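Here's the structure we're looking at; comments come further down.
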Amino acid sequence: MTSPFGDQNYGVEGGYTVAEASGEARTKFLHETYQHLGFAICGFMILEILLFRVPGIEGIARALAGNWFLVLAGYMGISWLAQRWALSSTSLGMQYAGLAAFVAAEAVVFLPLLYVAVYKTRDPNVLPTAGLITAITFGGLTALVLLSKKDFTFMGGALRVAGFASLGLILASMLFGFSLGVFFAFAMVVFAGGSIVYETSNVLHRYRPGQHVAASLALFASVALLFWYVLRILTSRR
């Protein structure tokens, strides 16, 4: 899995970014953004719990894993649409619909990997360990950006190139049947870390006040990407 987002139209023309806003407005935006990120993560967890209670979950997980090209294509399409909805400047309801659609898409995409982690590894510590590593990494990188107040949006070009390259490798592995291996997963963890730094910087330097839903969606995408590959690494070692 790779990040579905490229360079986004934040709609700052004619307005002002969070970095240019008052201290009170900036604090409010950050609070709302990370609050919605927390809601998205909780929603993702609830959806996974509900999906795992569906009868025949093993068959569903196998079907998704066996049609990974179609699943990935659908995920990319839904992600693109969700991001457009979340950036809507006219409808708050559409913004929330975009965030909800993306969380639901992530829940479906994660299902085969979570099934392996829960039922195949037979290690109850795999998921908590992956979650803890993800949380610590995300927290550290977020603190780095917010406390340093540096603008890391220059990383966007390199991340887009790396994202397209990783997507090409993923598609090639599906078409030609070769495994990308654990080294690719480690490389994608680094990529996900870079995405977190970039998106956190965007929260301050690219988004306008009132675009907290879109900002939380972008952050959730990076967190989910990091969690995915951390979990891949942990499950591959069991």
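Labeling convention for the structure tokens: chains A, B, ... as they appear, residues from 1 per chain, ligands from 1 in order of appearance.
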12 Å contact set for Ser148 of chain A, only C-alpha atoms, chain neighbours under 5 positions out, as an MDAnalysis selection string: chainID A and resid 140:143 197 200:201 204
So which residues touch Leu146 of chain A within 12 Å, counting only C-alpha atoms, skipping near sequence neighbours fewer than 6 positions away, as a PDB file with N, CA and C atoms, in the first residue's frame?
```
ATOM      1  N   ALA A  19      -0.393  29.253   9.447  1.00  0.00           N
ATOM      2  CA  ALA A  19       0.815  29.894   9.957  1.00  0.00           C
ATOM      3  C   ALA A  19       0.672  31.408  10.008  1.00  0.00           C
ATOM      4  N   ARG A  26      -4.640  29.568  15.296  1.00  0.00           N
ATOM      5  CA  ARG A  26      -3.718  28.461  15.014  1.00  0.00           C
ATOM      6  C   ARG A  26      -3.887  27.341  16.027  1.00  0.00           C
ATOM      7  N   THR A  27      -3.989  27.706  17.295  1.00  0.00           N
ATOM      8  CA  THR A  27      -4.189  26.701  18.344  1.00  0.00           C
ATOM      9  C   THR A  27      -5.508  25.956  18.140  1.00  0.00           C
ATOM     10  N   LEU A  30      -5.151  23.475  15.173  1.00  0.00           N
ATOM     11  CA  LEU A  30      -4.380  22.296  15.539  1.00  0.00           C
ATOM     12  C   LEU A  30      -5.201  21.367  16.437  1.00  0.00           C
ATOM     13  N   GLY A 139       4.204  10.452  17.095  1.00  0.00           N
ATOM     14  CA  GLY A 139       4.331  11.484  18.117  1.00  0.00           C
ATOM     15  C   GLY A 139       5.668  12.201  18.037  1.00  0.00           C
ATOM     16  N   GLY A 140       6.753  11.442  17.850  1.00  0.00           N
ATOM     17  CA  GLY A 140       8.076  12.045  17.756  1.00  0.00           C
ATOM     18  C   GLY A 140       8.231  12.943  16.546  1.00  0.00           C
ATOM     19  N   PHE A 152       8.655  22.058   6.106  1.00  0.00           N
ATOM     20  CA  PHE A 152       9.144  20.870   5.408  1.00  0.00           C
ATOM     21  C   PHE A 152       8.342  20.570   4.147  1.00  0.00           C
ATOM     22  N   ILE A 196       4.607  11.804   7.086  1.00  0.00           N
ATOM     23  CA  ILE A 196       4.093  12.404   8.329  1.00  0.00           C
ATOM     24  C   ILE A 196       4.712  13.787   8.541  1.00  0.00           C
ATOM     25  N   VAL A 197       6.028  13.887   8.339  1.00  0.00           N
ATOM     26  CA  VAL A 197       6.698  15.180   8.479  1.00  0.00           C
ATOM     27  C   VAL A 197       6.128  16.188   7.483  1.00  0.00           C
ATOM     28  N   TYR A 198       5.963  15.749   6.243  1.00  0.00           N
ATOM     29  CA  TYR A 198       5.445  16.628   5.190  1.00  0.00           C
ATOM     30  C   TYR A 198       4.021  17.076   5.482  1.00  0.00           C
ATOM     31  N   GLU A 199       3.150  16.132   5.824  1.00  0.00           N
ATOM     32  CA  GLU A 199       1.745  16.475   6.063  1.00  0.00           C
ATOM     33  C   GLU A 199       1.578  17.318   7.330  1.00  0.00           C
ATOM     34  N   THR A 200       2.406  17.058   8.339  1.00  0.00           N
ATOM     35  CA  THR A 200       2.345  17.882   9.547  1.00  0.00           C
ATOM     36  C   THR A 200       2.763  19.311   9.236  1.00  0.00           C
ATOM     37  N   SER A 201       3.774  19.466   8.390  1.00  0.00           N
ATOM     38  CA  SER A 201       4.190  20.802   7.969  1.00  0.00           C
ATOM     39  C   SER A 201       3.098  21.478   7.158  1.00  0.00           C
ATOM     40  N   ASN A 202       2.395  20.695   6.334  1.00  0.00           N
ATOM     41  CA  ASN A 202       1.280  21.242   5.560  1.00  0.00           C
ATOM     42  C   ASN A 202       0.181  21.777   6.463  1.00  0.00           C
ATOM     43  N   VAL A 203      -0.014  21.118   7.602  1.00  0.00           N
ATOM     44  CA  VAL A 203      -1.048  21.557   8.549  1.00  0.00           C
ATOM     45  C   VAL A 203      -0.847  23.027   8.907  1.00  0.00           C
ATOM     46  N   LEU A 204       0.407  23.426   9.040  1.00  0.00           N
ATOM     47  CA  LEU A 204       0.695  24.810   9.398  1.00  0.00           C
ATOM     48  C   LEU A 204       0.847  25.731   8.189  1.00  0.00           C
ATOM     49  N   HIS A 205       1.479  25.220   7.131  1.00  0.00           N
ATOM     50  CA  HIS A 205       1.941  26.114   6.067  1.00  0.00           C
ATOM     51  C   HIS A 205       1.119  26.070   4.784  1.00  0.00           C
TER      52      HIS A 205
END
```
Top pick for closest residue to Ala224 of chain A, considering A:Ile49, A:Leu169, A:Val18, A:Ala192 and counting only C-alpha atoms: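 Going through A:Ile49, A:Leu169, A:Val18, A:Ala192 one by one, the smallest distance to Ala224 of chain A is for A:Ala192.
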Nearest residue to Ala214 of chain A from the set A:Leu144, A:Val126, A:Val189, A:Ala86 (distances using only C-alpha atoms): A:Ala86
Atom pair atom CA of Leu132 of chain A / atom CA of Ser216 of chain A: separation (Å):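 For atom CA of Leu132 of chain A relative to atom CA of Ser216 of chain A, the distance reads 19.8 Å.
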Residue contacts of segment 119-123 of chain A (12 Å, only C-alpha atoms) excluding same-chain residues fewer than 2 positions away, as a ChimeraX atom specification: /A:52,57-58,61,111-117,125-130,231-232,234-238
Would you save the residues from that selection as a PDB file, in the first residue's frame, using C-alpha atoms?
```
ATOM      1  CA  PHE A  52     -14.221  -9.189  12.134  1.00  0.00           C
ATOM      2  CA  ILE A  57     -14.497 -13.326   7.724  1.00  0.00           C
ATOM      3  CA  GLU A  58     -11.783 -15.737   6.576  1.00  0.00           C
ATOM      4  CA  ALA A  61     -10.132 -11.745   3.766  1.00  0.00           C
ATOM      5  CA  LEU A 111      -8.690  -6.526   6.506  1.00  0.00           C
ATOM      6  CA  PRO A 112      -6.449  -9.239   4.942  1.00  0.00           C
ATOM      7  CA  LEU A 113      -3.334  -8.016   6.777  1.00  0.00           C
ATOM      8  CA  LEU A 114      -5.145  -7.751  10.103  1.00  0.00           C
ATOM      9  CA  TYR A 115      -6.586 -11.236   9.603  1.00  0.00           C
ATOM     10  CA  VAL A 116      -3.050 -12.599   9.213  1.00  0.00           C
ATOM     11  CA  ALA A 117      -1.885 -10.656  12.272  1.00  0.00           C
ATOM     12  CA  ASN A 125       1.331  -8.870  21.002  1.00  0.00           C
ATOM     13  CA  VAL A 126       1.652  -8.196  17.265  1.00  0.00           C
ATOM     14  CA  LEU A 127      -1.118  -5.607  16.948  1.00  0.00           C
ATOM     15  CA  PRO A 128      -0.340  -3.753  20.221  1.00  0.00           C
ATOM     16  CA  THR A 129       3.354  -3.654  19.305  1.00  0.00           C
ATOM     17  CA  ALA A 130       2.637  -2.292  15.823  1.00  0.00           C
ATOM     18  CA  LEU A 231       2.634  -4.503  10.840  1.00  0.00           C
ATOM     19  CA  ARG A 232       3.944  -6.117   7.642  1.00  0.00           C
ATOM     20  CA  LEU A 234       6.216  -7.720  12.420  1.00  0.00           C
ATOM     21  CA  THR A 235       4.037 -10.377  10.767  1.00  0.00           C
ATOM     22  CA  SER A 236       6.820 -11.358   8.349  1.00  0.00           C
ATOM     23  CA  ARG A 237       9.041 -12.261  11.294  1.00  0.00           C
ATOM     24  CA  ARG A 238       6.556 -14.785  12.691  1.00  0.00           C
TER      25      ARG A 238
END
```
Gln95 of chain A environment, 8 Å, only C-alpha atoms, sequence neighbours closer than 2 positions dropped, as a ChimeraX atom specification: /A:85-88,91-93,97-99,213-214
Okay, now the selection with C-alpha atoms, as a PDB file, in the first residue's frame?
```
ATOM      1  CA  TRP A  85     -14.736  16.018  -0.777  1.00  0.00           C
ATOM      2  CA  ALA A  86     -12.674  16.784   2.322  1.00  0.00           C
ATOM      3  CA  LEU A  87     -11.272  19.914   0.649  1.00  0.00           C
ATOM      4  CA  SER A  88     -14.756  21.206  -0.157  1.00  0.00           C
ATOM      5  CA  SER A  91     -20.137  21.942   2.402  1.00  0.00           C
ATOM      6  CA  LEU A  92     -19.031  20.784   5.848  1.00  0.00           C
ATOM      7  CA  GLY A  93     -21.149  17.663   5.377  1.00  0.00           C
ATOM      8  CA  ALA A  97     -18.308  12.388   4.039  1.00  0.00           C
ATOM      9  CA  GLY A  98     -14.840  12.434   2.495  1.00  0.00           C
ATOM     10  CA  LEU A  99     -13.166  11.603   5.800  1.00  0.00           C
ATOM     11  CA  VAL A 213     -11.152  17.890   8.245  1.00  0.00           C
ATOM     12  CA  ALA A 214      -8.951  17.690   5.144  1.00  0.00           C
TER      13      ALA A 214
END
```
